[in-house]
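Here's the structure we're looking at; comments come further down.
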Amino acid sequence: MAEVTLTINGRQVTVPQGSTVLEAAKKLDIFIPTLCYDPELTIDGSCRMCVVEIKGARALMISCATAATGGMVVETESPAVVEARKTILELLLANHPMDCLTCARSGDCRLQDYAYRYGVKEGGFKGAVHQYQIEDDNPFIVRDMNKCILCGKCVRACAQIQGKSVVDYSYRGFNTKVAPAMDTTLAGSDCVFCGNCVAVCPVGALQEKGLRAKARTWEVEKVRTTCPYCGTGCNFDLNVKDGKVVGVTSCDGDVNGRALCVKGRFGYGFIHHPDRLKKPLIKKDGRFVEASWEQAINLVAEKLGAIKSGFGPEALAVLSSARCTNEENYLFSKFTRAVLGTNNIDHCARL
Amino acid sequence: MTNPIKDVAGADFILAIGTNTTESHPIIGLQVKKAVRGGSTLVVADPRKTEVAELAHTHLQIKSGSDIALLNGLAGVIISEGLYNKEFVKERTEDFEVFRAAVEKYTPEYVEELTGIPADKLREVARGYAGAENATILYTMGITQHICGTHNVFAVANLAMLCGHIGKPYSGVNPLRGQNNVQGACDMGALPAVLTGYQGVGLDDVRAKFASAWGLESLPAKPGLTVGEMLEGASRGQIKGMYIMGENPVLSDPDAGHVIHALEKLDFLVVQDIFLSETAQLADVVLPAASFAEKDGTFSNTERRVQRVRKAIEPVGEARPDWRIICDVATAMGYPMSYESPAEIMREIASLTPSYAGISYPRLEQGGIQWPCPTADHPGTPVLHVGKFSRGLGKFSPVEYVPPAELPDQQYPLVLSTGRRHFHYHTGTMTMRTGALEVHYGTEYLEINASDAAKMGLAEGDRVRVSSRRGSVELSARITDVVPEGLVFTSFHFPEVAINKLTNPARDGISKIPELKVCAVKVEKTA
Amino acid sequence: MANVTLTINGVKVTVQKGTTVLDAAAEAGFFIPTFCHAPELTGFGACRICVVEIQGMRNLPASCVTEATEGMVVQTESPAVVEARKTILELILANHPQDCLTCEKNGDCRLQDYAFRYGVKGPGFEGQRHSYAIEDSNPYIIRDLNKCILCGRCVRTCAQVKERAVVDYAYRGFNTKIAAPMDVPLGESDCVYCGRCVAVCPVGALTYKRLSGQGRVWELEKKPVTCTFCDSGCQFDLISKGQKVIGVAARAPGPGRPLCLKGRLGLELMYCDQPGTPQLKKDGEFVGVTWPEALGLQGVLEKLKKIEG
């Protein structure tokens with residue numbers, strides 16, 4: 001494959017022909033801010049945040065959609081570039097609520113990151129500000145279109161990852177907003193609440209309802225694990241605060257990338273449900289009575305032992321679980337065969 | 001699956017049969033959608049017009065339980081038109097002639113009678129599958145939950161071998177497994193006839209290897225009972241005690257009334273679970289287990305990828321991880337079992353299981369590994385049967401169409417099929433307690449076709465009683481063209497709509513899987 | 001010592017006589033928000049955010065300065081308490097810049113924490129706002145008194161060292177501010193920039209100049225170190241972003257000792273500025289050598305190593 005060599009911030013880099021300037025810069029570990037760009041989605045080039053100065057080019061070029069060519073000379077943080085980025089940020093902030101105080105995406109927000117990076121303290125312009133109602137009539141996702149910067153990542157994720165195309169741009173000009181058909185709420189649309197739009201939203205316009213009500217981004221510890229529902233084996237991060245699972249966020253899973261379904265992303269509430277069994281129970285006179293582990297284990301051992309010696313191992317049977325881990329299934333098989341002395345073990349593979 | 005999930009998006013032709021992919025396996029559904037967006041051909045065979053069927057270029061809306069007729073019919077067309085992969089058949093398979101003879105009678109016209117699929121449509125699909133560079137077959141319980149479930153799978157495998165769409169990327173025979181670790185539970189020998197890695201209990205050297213590793217003289221050689229047979233044995237009084245870990249057969253197994261009766265007859269039942277499930281309520285002792293967020297371990301997904309589960313929080317209350325509980329019970333029964341951690345258990349598994357031999361926790365930190373992985377430096381095996389089948393040559397196993405065990409009649413004129421919904425999972429034990437999913441999708445309904453509804457004078461939302469010879473449930477009707485005339489459908493997620501009171505426990509002779517996809521019912525409007 | 005037993009949110013807790021309701025609540029596992037309270041400083045009771053409801057009392061007392069007594073029945077999150085806290089937050093926010101967007105303390109700010117906890121999205125009142133010039137005329141500490149909530153923690157911590165007591169309340173009413181004598185900038189005062197006031201400030205009024213613009217709180221890691229400048233053993237935090245140490249923050253002074261600027265600067269020199277290698281003139285040219293060589297201690301060190309063996 002043909003390659004091209006270009007110079008970025010005075011350093012030479014060689015990339016395959018067809019690479020963008022953004023990709024070439026990444027290869028040099030040079031950071032260029034982006035809002036609408038996402039490696040998994042088609043290029044939009046709408047936010048202009050990634051502009052760079054290219055020698056000989058008439059205007060500042062967007063690095064996400066400009067192909068690197070041989071001999072190109074690029075500056076990613078020149079005064080003109082920085083000024084452009086500042087102005088873009090000021091324009092965005094002119095119509096963005098200044099409520100990082102309580103915004104649950106504070107700490108994980110690109111608009112905030114870049115405002116800090118370029119020292120943009122507020123919107124530099126006064127003008128009309130949107131006054132949309134916050135949409136939270138479903139149990140999964142909160143949509144605050146006042147915070148939307150119209151990067152269109154959710155539109156593309158819905159079409160290109162989820163294949164649903166539930167949301168798209170509607171209206172024109174200042175009134176442009178991202179909405180389902182007929183500008184209904186998500187609950188009134190075909191949305192299946194996979195939340196993949198939330199995973200790509202760079203600001204606080206789309207938030208996970210449960211997670212964001214419970215924790216600030218800097219308070220959670222993320223633990224990567226595998227989903228407990230179907231057999232696809234998606235990976236995600238459990239978000240933990242004060243010893244409790246408060247939510248699920250995407251990671252880059254082997255099987256699923258960042259995509260999850262509604263059960264994986266929003267189906268974690270059972271972990272801390274009050275119905276969880278917290279103590280061993282022993283049935284006495286038809287009713288369950290709480291018992292200690294020692295009592296319960298001894299009773300189980302005694303009863304199983306008595307049946308084994310009284311009626312033989314074949315009078316015992318075990319159901320293992322497609323929900324438990326490999327290690328647990330292995331041990332249960334070992335227990336059945338080595339301790340009970342029977343091969344009567346099965347699980348619900350057929351159901 | 002013979003091939004990885006990511007291969008689906010790269011297939012030129014996808015035959016999805018008996019799988020409601022976008023609802024039951026949404027993330028695999030994304031791969032199907034990606035393939036279609038990229039120009040692949042999607043054919044869906046399903047009695048219901050599911051979302052994935054709507055997406056398909058061709059929807060084969062077959063009669064419930066007529067899969068073998070369809071698959072044999074496709075094979076018949078491919079052979080008679082000379083479209084099969086002659087080189088693959090010659091080099092890699094055996095018993096082709098027997099197979100050819102068996103499918104001969106499944107002419108498109110005969111298949112049309114059995115399945116309701118027009119002969120020309122069948123021919124078109126057959127040509128598409130055979131002609132594709134890479135074709136993949138996806139299936140789930142719509143294929144397996146029949147009295148001929150095993151034969152259905154044979155029919156799928158026959159078709160793939162016939163066209164050589166196996167043993168290479170972007171193709172294969174791909175069952176999508178329904179539970180997070182159903183693959184792993186099978187791999188680990190939680191089955192009556194095999195130990196880990198499908199090493200048969202009937203083989204002397206296998207038993208000797210495990211007995212010596214486990215410090216015993218010998219291990220039982222006689223294959224054990226399957227779930228259905230256990231419950232049968234319990235109701236006859238031959239099984240006296242059961243230990244159930246993390247399963248809810250009262251809701252998941254067919255003919256729930258019979259299951260409850262069987263479990264009640266036991267002398268002793270111990271259930272280990274995270275909730276007091278419908279099954280746990282029948283127990284003598286209930287042991288509180290830790291959830292997936294509260295323990296370390298591994299799950300093996302449907303593409304045989306072993307992946308880490310990591311402990312994020314301490315177990316709630318006094319709950320303990322299942323592996324610790326098993327160790328405690330074993331120790332109390334006079335067989336000391338103690339492990340530092342699941343990592344140590346995995347080392348023991350690897351030492352006894354050739355297909356897992358190269359898998360270890362340090363390696364899994366770098367990402368999942370697809371078995372077989374025989375050595376520590378083996379990269380894992382994304383695609384099975386490359387160059388050679390595990391038994392050597394691929395054997396064609398001719399199978400014949402048989403009608404479902406229970407067909408509609410005067411008294412029970414409709415077919416009931418069951419399955420899953422997007423927002424819920426299995427018996428609902430978890431998804432009914434999330435504070436979100438059940439809020440959004442809180443009640444179950446019965447899908448019924450408009451013409452059947454009209455016959456009964458049913459309106460949208462009317463309460464109906466659905467009854468089979470075994471039981472009945474009440475729920476609301478939803479009038480929809482998702483189901484064709486003569487078919488009704490609902491899920492088994494909702495305890496208050498315990499649909500498995502109705503389903504037929506008739507089982508496949510080989511795999512013992514019950515025929516949950518077809519039973520005869522009647523629907524009546526309640527007052 | 002005598003004990004008292006009281007009930008907090010329905011939970012009985014027994015504490016030593018003399019304990020505050022705030023500490024008793026902590027003992028029982030209940031969190032009560034505080035601004036002006038700090039365990040190492042004298043009780044102040046100024047901010048009122050720690051108010052609780054106590055059966056039989058006329059109004060909502062501040063739990064940080066209310067002694068727990070026998071039989072007391074306390075509610076820490078009753079509707080009246082929550083309403084009071086919300087109002088307090090609204091009042092504070094009515095004269096506090098809403099610039100978490102770029103504020104250095106975003107992510108480590110009690111005002112922000114409590115606003116989130118109680119769902120106070122902004123000021124509930126409109127009124128006059130301060131517009132003090134930001135004071136950054138000294139090389140170490142930036143003071144933005146627009147963000148000051150007048151909790152007085154800086155005043156009290158500064159006064160712990162008798163000869164310092166640089167800052168205190170000045171003016172009255174709305175004009176109250178924390179200032180050095182004659183309201184001069186810190187640079188013209190007796191301040192030695194020990195950073196103790198920065199360490200205790202609950203909001204963004206006092207921040208380190210060196211860390212300004214260098215990273216957000218959630219990107220930074222803190223690692224405690226003990227100062228080796230003198231024999232007092234004061235505690236500091238090394239602040240790092242990624243692999244790089246970008247600053248040193250004050251923690252607590254050693255027992256009976258003040259914190260000093262020298263220590264912090266010394267640590268910055270050691271950990272952040274990575275002083276270059278010593279240069280020794282060899283054959284008329286400077287070459288980089290190790291410290292032992294530059295100081296002529298090579299031989300001594302080798303002997304020591306031998307002894308340690």
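Following the order of the structure tokens, chains are lettered A, B, ..., residues in each are numbered from 1, and ligands are numbered from 1.
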
(request) Could you give me, as a PyMOL selection string, each residue of region 62-283 of chain A that DSSP assigns to strand (DSSP E or B) when run on this structure's backbone? (result) chain A and resi 62+67+73-75+135+141-143+167-170+177-180+206-208+221-226+235-241+244-250+253+257+281-283

Write a file of the selected residues as a JSON list (two decimals), in the first residue's frame, keeping C-alpha atoms.
```json
[["chain", "number", "residue", "atom", "x", "y", "z"],
["A", 62, "ILE", "CA", -10.88, 19.94, 9.46],
["A", 67, "ALA", "CA", -6.58, 13.31, 3.65],
["A", 73, "VAL", "CA", 2.97, 20.78, 6.53],
["A", 74, "VAL", "CA", 0.49, 20.90, 9.39],
["A", 75, "GLU", "CA", 0.26, 22.95, 12.57],
["A", 135, "GLU", "CA", -37.29, 14.46, 28.50],
["A", 141, "ILE", "CA", -32.38, 7.66, 29.32],
["A", 142, "VAL", "CA", -32.69, 11.35, 30.17],
["A", 143, "ARG", "CA", -32.53, 13.69, 27.17],
["A", 167, "VAL", "CA", -33.35, 9.80, 15.83],
["A", 168, "ASP", "CA", -32.23, 12.30, 13.22],
["A", 169, "TYR", "CA", -31.91, 16.04, 12.76],
["A", 170, "SER", "CA", -35.22, 17.84, 12.50],
["A", 177, "LYS", "CA", -32.69, 19.49, 17.10],
["A", 178, "VAL", "CA", -32.12, 15.78, 17.22],
["A", 179, "ALA", "CA", -35.46, 14.02, 17.51],
["A", 180, "PRO", "CA", -37.34, 10.82, 16.71],
["A", 206, "LEU", "CA", -27.97, 12.10, 26.81],
["A", 207, "GLN", "CA", -27.49, 10.55, 30.21],
["A", 208, "GLU", "CA", -28.19, 7.22, 31.86],
["A", 221, "GLU", "CA", -14.68, 3.00, 40.17],
["A", 222, "LYS", "CA", -15.07, 1.01, 36.96],
["A", 223, "VAL", "CA", -14.74, -2.76, 36.98],
["A", 224, "ARG", "CA", -14.69, -4.54, 33.64],
["A", 225, "THR", "CA", -16.75, -7.70, 33.50],
["A", 226, "THR", "CA", -18.94, -9.87, 31.26],
["A", 235, "ASN", "CA", -18.11, -6.77, 28.09],
["A", 236, "PHE", "CA", -18.95, -3.66, 30.06],
["A", 237, "ASP", "CA", -17.79, -1.63, 33.05],
["A", 238, "LEU", "CA", -19.69, -1.88, 36.28],
["A", 239, "ASN", "CA", -19.68, 1.56, 37.90],
["A", 240, "VAL", "CA", -19.18, 1.22, 41.64],
["A", 241, "LYS", "CA", -19.68, 3.88, 44.30],
["A", 244, "LYS", "CA", -22.63, -0.48, 45.37],
["A", 245, "VAL", "CA", -23.14, -0.99, 41.66],
["A", 246, "VAL", "CA", -24.70, 2.28, 40.50],
["A", 247, "GLY", "CA", -24.56, 1.76, 36.76],
["A", 248, "VAL", "CA", -23.09, 0.25, 33.65],
["A", 249, "THR", "CA", -21.03, 2.02, 30.99],
["A", 250, "SER", "CA", -19.52, 0.81, 27.74],
["A", 253, "GLY", "CA", -15.48, -5.24, 24.50],
["A", 257, "GLY", "CA", -17.15, -2.95, 21.13],
["A", 281, "LEU", "CA", -33.18, -20.20, 55.02],
["A", 282, "ILE", "CA", -34.39, -23.48, 56.48],
["A", 283, "LYS", "CA", -38.00, -24.54, 56.11]]
```

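Interface residues on chain A toward chain C (cut-off 9 Å, only C-alpha atoms): Met98, Asp99, Cys100, Leu101, Thr102, Cys103, Ala104, Ser106, Gly107, Leu111, Gln112, Asp113, Ala115, Tyr116, Arg117, Gly119, Val120, Lys121, Glu122, Ala213, Lys214, Ala215, Arg216, Thr217, Trp218 and Glu219 of chain A.
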
Now that the selection is made, can you save its residues with C-alpha atoms as a PDB file, in the first residue's frame?
```pdb
ATOM      1  CA  MET A  98     -23.727  26.616  32.542  1.00  0.00           C
ATOM      2  CA  ASP A  99     -24.725  23.957  35.026  1.00  0.00           C
ATOM      3  CA  CYS A 100     -21.624  21.832  35.437  1.00  0.00           C
ATOM      4  CA  LEU A 101     -22.410  22.442  39.099  1.00  0.00           C
ATOM      5  CA  THR A 102     -24.951  19.629  39.016  1.00  0.00           C
ATOM      6  CA  CYS A 103     -24.563  18.160  35.519  1.00  0.00           C
ATOM      7  CA  ALA A 104     -23.859  14.472  36.009  1.00  0.00           C
ATOM      8  CA  SER A 106     -19.293  16.962  34.560  1.00  0.00           C
ATOM      9  CA  GLY A 107     -15.894  15.301  34.598  1.00  0.00           C
ATOM     10  CA  LEU A 111     -17.089  20.506  25.959  1.00  0.00           C
ATOM     11  CA  GLN A 112     -15.853  20.981  29.511  1.00  0.00           C
ATOM     12  CA  ASP A 113     -12.481  19.397  28.725  1.00  0.00           C
ATOM     13  CA  ALA A 115     -13.173  24.818  27.546  1.00  0.00           C
ATOM     14  CA  TYR A 116     -10.621  24.122  30.274  1.00  0.00           C
ATOM     15  CA  ARG A 117      -7.895  23.313  27.760  1.00  0.00           C
ATOM     16  CA  GLY A 119      -9.340  28.675  28.870  1.00  0.00           C
ATOM     17  CA  VAL A 120     -12.785  29.528  27.555  1.00  0.00           C
ATOM     18  CA  LYS A 121     -14.685  30.514  30.649  1.00  0.00           C
ATOM     19  CA  GLU A 122     -18.076  31.232  29.148  1.00  0.00           C
ATOM     20  CA  ALA A 213     -28.712  10.461  39.478  1.00  0.00           C
ATOM     21  CA  LYS A 214     -26.517   8.487  41.854  1.00  0.00           C
ATOM     22  CA  ALA A 215     -22.937   9.475  41.224  1.00  0.00           C
ATOM     23  CA  ARG A 216     -20.592  12.074  39.821  1.00  0.00           C
ATOM     24  CA  THR A 217     -18.219  10.773  37.216  1.00  0.00           C
ATOM     25  CA  TRP A 218     -15.191  11.132  39.458  1.00  0.00           C
ATOM     26  CA  GLU A 219     -16.763   9.181  42.284  1.00  0.00           C
TER      27      GLU A 219
END
```

(request) Give me the residues within 7 Å of region 212-226 of chain B as a ChimeraX atom specification, counting only C-alpha atoms and dropping any in the same chain fewer than 2 places off. (result) /A:337-338,341-346 /B:192-193,201-202,207-210,228-230

(message) I need the residue nearest Gln410 (chain B) from this list: B:Gly457, B:Glu232, B:Val383, B:Val521. Use only C-alpha atoms for the distance.
(response)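 Once distances to Gln410 (chain B) are computed over only C-alpha atoms, the minimum belongs to B:Val521.
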
(request) Using only C-alpha atoms, find the one residue out of B:Lys395, B:His261, B:His165, B:Arg347 that sits nearest to Asn85 (chain B). (result)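 Looking only at the distances to Asn85 (chain B), the closest residue turns out to be B:His165.
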
(message) When you look at Ser66 (chain B) with a cut-off of 9 Å (counting only C-alpha atoms), what residues show up, excluding the ones that are within fewer than 4 positions of it in the same chain? I need them as a list in words.
(response)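 Selected residues are Ile62, Leu70, Leu71, Val111, Leu114, Thr115, Tyr401, Val402, Pro403 and Pro404 of chain B.
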
Store the residues picked out above in a file with C-alpha atoms, as an mmCIF file, in the first residue's frame.
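result-v8.cif, freshly written:
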```cif
data_model
loop_
_atom_site.group_PDB
_atom_site.id
_atom_site.type_symbol
_atom_site.label_atom_id
_atom_site.label_comp_id
_atom_site.auth_asym_id
_atom_site.auth_seq_id
_atom_site.Cartn_x
_atom_site.Cartn_y
_atom_site.Cartn_z
ATOM 1 C CA ILE B 62 -42.815 -21.633 7.607
ATOM 2 C CA LEU B 70 -37.441 -26.801 4.546
ATOM 3 C CA LEU B 71 -33.771 -27.706 5.049
ATOM 4 C CA VAL B 111 -41.899 -29.034 0.697
ATOM 5 C CA LEU B 114 -45.338 -29.269 4.433
ATOM 6 C CA THR B 115 -43.978 -25.783 5.071
ATOM 7 C CA TYR B 401 -39.543 -34.662 8.576
ATOM 8 C CA VAL B 402 -41.828 -35.560 11.469
ATOM 9 C CA PRO B 403 -44.780 -33.434 12.504
ATOM 10 C CA PRO B 404 -44.801 -31.900 15.997
#
```
